[in-house]
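K.L.:
Got a structure here, written out as structure tokens. Questions coming.
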Amino acid sequence: MMNRILSAVLLTVLFTACSQPADTSVAVIQPVPDASTIARTSIIVDTHIDVPYRLESSMVDISKATDGGDFDYPRAVSGGLNAAFMSIYTPADFEAQGKSRQVAEKLIDMVEGFVEQWPDKFAIARSPAEVREQFDAGILSLPLGMENGSPIEGELANIQHFYDRGIRYITLTHGLSNHISDSSYDTNHQWNGLSEFGKEVVHEMNRVGIMVDVSHVSDDAFWQIMEISQAPAIASHSSARHFTPGFERNMSDEMISALAENGGVIQINFGSSFLTAEALEYSKARREAGKLYAAEHPDLSETDLDEQFPAIYEAENGPFPFASLDDVLDHIDRVVSLASVDNVGIGSDYDGVGDSLPVGLKDVASYPNLVKGLLDRGYSEDDIRKILGENLLRVWQSVENYAATTSSKT
């Protein structure tokens, strides 16, 4: 009797199993793009590359591979760079010499010359829309950012002039306080922030559609900009002061949070002295020792000093403590924890920080290394694309949108 019951149960189970449709569905696993693919298919915007001033005294063909510097066209293509803000930089002491505007005009002419010589490779971008169009066309965008507001020379009309020439952000000051703003590097804080003219400059930049860049300004000037600016501001090449205590050139936690509340973005500087306290202290000590060495050797030119002294200092004090890729990622993580992934980007300072670049990020071919580091730290592909460029393009568009609501440009 028991055997018949077991047999009946077994038959029922088999019949039921055979009568059910087979589950032929297979879970589809979406491939995770690798770092090179993300770099190649994202719009990478780097808001600070000092190519023009590097080439001002010694021109080279950047359309081809070069031995020196951090930027040329082949390396940019290899790294996936799409929008390289060319820094129109004027040294701080040029203001007193009355040379700032002259030099700025010359450097803008130089970048225009790149486009004229190699139109199949470069194009000046004057808007986020043009960056996207040039990306689709396979052309490397060269937007312009003015590092140091000295070329404004006390004339608000020059802001419109430089906008017309393609300038899309202005770093209000540089290594010395100028007629617009106090500098983070200068102990002479003559304005306690912005000058009265500097406050007008911020309003006019908002009206015209030029991003206000807070890199290099004093803390007091930063807080005044946050109160005054009606459009989001940027820090085009700064990092987090949390890792370099007392270094006013970087941004404090409170400043990063305020910049985010303003809708802005901090573009992380890759210079080792911006990234670690150890590299910062080494750089300071080497700089002071270099001044003494220069005083003891008045026959040496500045170029000779730059070439000779670092090796002399290293022989006596040990090698420079280069930062690492992980240090850059730590700064990005810090901004994300204080604000959000929408408020951080890339402002490498390539060609502007000499030989101090971190291991793994030595030139514009290195962006895929940054992408891989972000992937390894758990950032999503969408968030990585924001960091690489979409955040900056969003801010730039917001500045354009605000300018469109003001009086028409004259």
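Simple scheme: letters A, B, ... for chains in structure tokens order, numbers from 1 for residues in each chain, numbers from 1 for ligands in the order shown.
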Env of range 82-97 of chain A: 6 Å cut, atoms = only C-alpha atoms, seq-sep filter 4 positions within chain, self excluded. Answer as a list of chain:residue names.
P.N.:
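Final neighbour list, sorted by chain and number: A:Ile43, A:Ile44, A:Val45, A:Asp46, A:Thr47, A:His48, A:Ile49, A:Asp50, A:Ala104, A:Leu140, A:Ser141, A:Leu142, A:Pro143, A:Leu144, A:Gly145, A:Met146, A:Glu147, A:Ser150, A:His174, A:Gly175, A:Leu176.
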K.L.:
Name the residues in contact with Val51 in chain A at a cut-off of 12 Å, using only C-alpha atoms, excluding same-chain residues fewer than 5 positions from it; report them as a PyMOL selection string.
P.N.:
chain A and resi 56-62+68-73+84-89+107-108+110-111+114+142+144-145+349-354+364
K.L.:
Just the selected residues (C-alpha atoms), exported as a PDB file, in the first residue's frame, please.
P.N.:
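Dumped to out10.pdb:
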```pdb
ATOM      1  CA  GLU A  56      55.753  82.338 -25.048  1.00  0.00           C
ATOM      2  CA  SER A  57      59.550  82.273 -24.968  1.00  0.00           C
ATOM      3  CA  SER A  58      60.178  79.014 -26.849  1.00  0.00           C
ATOM      4  CA  MET A  59      57.607  77.934 -29.413  1.00  0.00           C
ATOM      5  CA  VAL A  60      57.235  74.261 -30.360  1.00  0.00           C
ATOM      6  CA  ASP A  61      54.842  72.405 -32.644  1.00  0.00           C
ATOM      7  CA  ILE A  62      52.216  71.065 -30.229  1.00  0.00           C
ATOM      8  CA  GLY A  68      59.072  68.684 -23.185  1.00  0.00           C
ATOM      9  CA  GLY A  69      56.034  70.000 -21.357  1.00  0.00           C
ATOM     10  CA  ASP A  70      52.901  68.196 -20.267  1.00  0.00           C
ATOM     11  CA  PHE A  71      50.663  68.858 -23.285  1.00  0.00           C
ATOM     12  CA  ASP A  72      50.685  68.151 -26.986  1.00  0.00           C
ATOM     13  CA  TYR A  73      48.009  66.947 -29.390  1.00  0.00           C
ATOM     14  CA  ALA A  84      41.727  72.047 -22.548  1.00  0.00           C
ATOM     15  CA  PHE A  85      41.300  75.512 -21.074  1.00  0.00           C
ATOM     16  CA  MET A  86      44.333  77.445 -22.251  1.00  0.00           C
ATOM     17  CA  SER A  87      45.570  79.657 -19.416  1.00  0.00           C
ATOM     18  CA  ILE A  88      46.090  83.265 -20.497  1.00  0.00           C
ATOM     19  CA  TYR A  89      48.512  83.950 -17.657  1.00  0.00           C
ATOM     20  CA  LEU A 107      48.840  84.860 -25.648  1.00  0.00           C
ATOM     21  CA  ILE A 108      45.288  84.932 -27.004  1.00  0.00           C
ATOM     22  CA  MET A 110      48.984  82.527 -29.919  1.00  0.00           C
ATOM     23  CA  VAL A 111      46.041  80.221 -29.208  1.00  0.00           C
ATOM     24  CA  PHE A 114      47.097  77.131 -33.087  1.00  0.00           C
ATOM     25  CA  LEU A 142      40.640  75.133 -26.561  1.00  0.00           C
ATOM     26  CA  LEU A 144      40.306  80.363 -22.824  1.00  0.00           C
ATOM     27  CA  GLY A 145      40.673  81.214 -19.149  1.00  0.00           C
ATOM     28  CA  ASP A 349      47.718  72.875 -13.784  1.00  0.00           C
ATOM     29  CA  TYR A 350      49.649  70.918 -16.400  1.00  0.00           C
ATOM     30  CA  ASP A 351      52.587  72.976 -17.681  1.00  0.00           C
ATOM     31  CA  GLY A 352      52.143  75.237 -14.649  1.00  0.00           C
ATOM     32  CA  VAL A 353      53.556  73.259 -11.704  1.00  0.00           C
ATOM     33  CA  GLY A 354      56.907  72.260 -13.137  1.00  0.00           C
ATOM     34  CA  VAL A 364      47.634  64.836 -20.454  1.00  0.00           C
TER      35      VAL A 364
END
```
K.L.:
Fewer than 5 positions away in the same chain doesn't count, so skip those; otherwise give me all residues within 7 Å of range 198-202 of chain A, counting only C-alpha atoms, as a PyMOL selection string.
P.N.:
chain A and resi 156+180-181+212+229
K.L.:
Have a look at CA of Phe322 in chain A and CA of Pro310 in chain A and let me know their distance in Å, one decimal.
P.N.:
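Taking CA of Phe322 in chain A as the start and CA of Pro310 in chain A as the end point, the length is 13.9 Å.
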K.L.:
Quick check, in Å to one decimal: how far apart do CA of Asp342 in chain A and CA of Val399 in chain A lie?
P.N.:
15.9 Å
K.L.:
So which bits of range 246-378 of chain A end up strand (DSSP E) when you DSSP the backbone, as a PyMOL selection string?
P.N.:
chain A and resi 265-268+344-346
K.L.:
Once you have the residues from the selection above, write them out as a PDB file, in the first residue's frame, restricted to N, CA and C atoms.
P.N.:
```
ATOM      1  N   VAL A 265      31.931  74.703  -8.595  1.00  0.00           N
ATOM      2  CA  VAL A 265      32.716  73.481  -8.662  1.00  0.00           C
ATOM      3  C   VAL A 265      34.182  73.803  -8.385  1.00  0.00           C
ATOM      4  N   ILE A 266      34.859  72.918  -7.637  1.00  0.00           N
ATOM      5  CA  ILE A 266      36.295  73.027  -7.412  1.00  0.00           C
ATOM      6  C   ILE A 266      37.003  72.024  -8.313  1.00  0.00           C
ATOM      7  N   GLN A 267      37.935  72.525  -9.097  1.00  0.00           N
ATOM      8  CA  GLN A 267      38.681  71.728 -10.056  1.00  0.00           C
ATOM      9  C   GLN A 267      40.043  71.393  -9.429  1.00  0.00           C
ATOM     10  N   ILE A 268      40.273  70.119  -9.143  1.00  0.00           N
ATOM     11  CA  ILE A 268      41.416  69.706  -8.341  1.00  0.00           C
ATOM     12  C   ILE A 268      42.737  69.904  -9.080  1.00  0.00           C
ATOM     13  N   VAL A 344      32.856  68.779  -8.115  1.00  0.00           N
ATOM     14  CA  VAL A 344      34.298  68.559  -8.237  1.00  0.00           C
ATOM     15  C   VAL A 344      34.644  68.207  -9.677  1.00  0.00           C
ATOM     16  N   GLY A 345      35.849  68.636 -10.095  1.00  0.00           N
ATOM     17  CA  GLY A 345      36.305  68.359 -11.447  1.00  0.00           C
ATOM     18  C   GLY A 345      37.820  68.407 -11.531  1.00  0.00           C
ATOM     19  N   ILE A 346      38.337  68.627 -12.737  1.00  0.00           N
ATOM     20  CA  ILE A 346      39.774  68.555 -13.001  1.00  0.00           C
ATOM     21  C   ILE A 346      40.310  69.930 -13.388  1.00  0.00           C
TER      22      ILE A 346
END
```
K.L.:
Would you compute the distance between CA of Leu370 in chain A and CA of Phe135 in chain A? Give it in Å to one decimal.
P.N.:
20.2 Å
K.L.:
Find, counting only C-alpha atoms, the residue in A:Leu292, A:Phe274, A:Ser42, A:Ser218 that gets nearest to Asp186 in chain A.
P.N.:
A:Ser218
K.L.:
With DSSP run on the backbone, what are the helix (DSSP H, G or I) residues within range 194-340 of chain A? I'd like them as a PyMOL selection string.
P.N.:
chain A and resi 196-208+219-228+241-243+253-261+272-275+277-296+302-317+325-338
K.L.:
Identify which of the residues A:Ser273, A:Asn343, A:Thr406, A:Gln134 lies closest to Ile384 in chain A, counting only C-alpha atoms when measuring atom-to-atom distances.
P.N.:
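Of all the options, A:Asn343 lies closest to Ile384 in chain A.
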K.L.:
Pick out the closest residue to Gly360 in chain A from this set: A:Asp326, A:Thr187, A:Gly389, A:Glu112. Count only C-alpha atoms.
P.N.:
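Selected residue with least distance to Gly360 in chain A: A:Asp326.
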K.L.:
Find the residue from A:Asn158, A:Gln117, A:Ser324, A:Gln397 that sits nearest to Ile170 in chain A; use only C-alpha atoms when measuring.
P.N.:
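Using only C-alpha atoms, Ile170 in chain A sits closest to A:Asn158.
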K.L.:
Might you pull out every residue within 12 Å of Ser252 in chain A, with only C-alpha atoms counted and same-chain residues fewer than 6 positions away left off, and present them as a list in words?
P.N.:
Ser218, Asp219, Phe222, Trp223, Ser238, Ser239, Ala240, Arg241, His242, Phe243, Thr244, Pro245, Gly246, Ala258, Leu259, Ile266, His331, Arg334, Val335 and Leu338 of chain A
K.L.:
Between A:Ser183, A:Leu194, A:Gln230, A:Gly263, single out the one closest to Leu392 in chain A, counting only C-alpha atoms.
P.N.:
A:Gly263
K.L.:
Per residue of range 15-108 of chain A within 9 Å of range 371-375 of chain A, which atom pair is closest and at what distance in Å (one decimal), using only C-alpha atoms, listed by chain and increasing number, as a tab-separated table?
P.N.:
```
residue	atom	partner	partner_atom	distance
A:Asp34	CA	A:Lys372	CA	7.6
A:Ala35	CA	A:Lys372	CA	5.0
A:Ser36	CA	A:Val371	CA	7.9
A:Ile38	CA	A:Val371	CA	7.4
A:Ala39	CA	A:Val371	CA	6.9
```
K.L.:
Would you put the residues from that selection into a file with C-alpha atoms, as a short mmCIF file (atom, residue, chain, number, x, y, z; two decimals), in the first residue's frame?
P.N.:
```cif
data_model
loop_
_atom_site.label_atom_id
_atom_site.label_comp_id
_atom_site.auth_asym_id
_atom_site.auth_seq_id
_atom_site.Cartn_x
_atom_site.Cartn_y
_atom_site.Cartn_z
CA ASP A 34 37.06 50.00 -18.69
CA ALA A 35 38.89 53.20 -17.84
CA SER A 36 40.13 53.81 -21.38
CA ILE A 38 35.15 55.87 -20.29
CA ALA A 39 37.94 58.37 -20.95
#
```
K.L.:
Which is closest to Ile167 in chain A among A:Arg126, A:Arg249, A:His203, A:Lys386, if we use only C-alpha atoms?
P.N.:
A:Arg126
K.L.:
Do you know which residues are at most 8 Å from Phe309 in chain A counting only C-alpha atoms, after dropping those on the same chain fewer than 3 positions away, and could you put them as a VMD selection string?
P.N.:
chain A and resid 290 293 305 to 306 312 to 313
K.L.:
I need the residues from that last selection saved to file as an mmCIF file, in the first residue's frame (with N, CA and C atoms), if you can.
P.N.:
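Once everything was written out, this is again.cif:
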```
data_model
loop_
_atom_site.group_PDB
_atom_site.id
_atom_site.type_symbol
_atom_site.label_atom_id
_atom_site.label_comp_id
_atom_site.auth_asym_id
_atom_site.auth_seq_id
_atom_site.Cartn_x
_atom_site.Cartn_y
_atom_site.Cartn_z
ATOM 1 N N GLY A 290 66.505 78.418 -2.527
ATOM 2 C CA GLY A 290 66.807 78.915 -3.869
ATOM 3 C C GLY A 290 67.050 80.412 -3.898
ATOM 4 N N TYR A 293 70.543 80.926 -2.663
ATOM 5 C CA TYR A 293 71.497 80.494 -3.686
ATOM 6 C C TYR A 293 71.589 81.537 -4.805
ATOM 7 N N LEU A 305 69.237 79.085 -12.945
ATOM 8 C CA LEU A 305 68.870 78.728 -11.579
ATOM 9 C C LEU A 305 67.809 77.635 -11.558
ATOM 10 N N ASP A 306 66.790 77.791 -12.410
ATOM 11 C CA ASP A 306 65.710 76.808 -12.472
ATOM 12 C C ASP A 306 66.229 75.436 -12.879
ATOM 13 N N ILE A 312 70.844 70.452 -7.031
ATOM 14 C CA ILE A 312 71.739 70.781 -5.915
ATOM 15 C C ILE A 312 71.010 70.586 -4.591
ATOM 16 N N TYR A 313 69.792 71.065 -4.511
ATOM 17 C CA TYR A 313 69.011 70.950 -3.278
ATOM 18 C C TYR A 313 68.703 69.483 -2.960
#
```
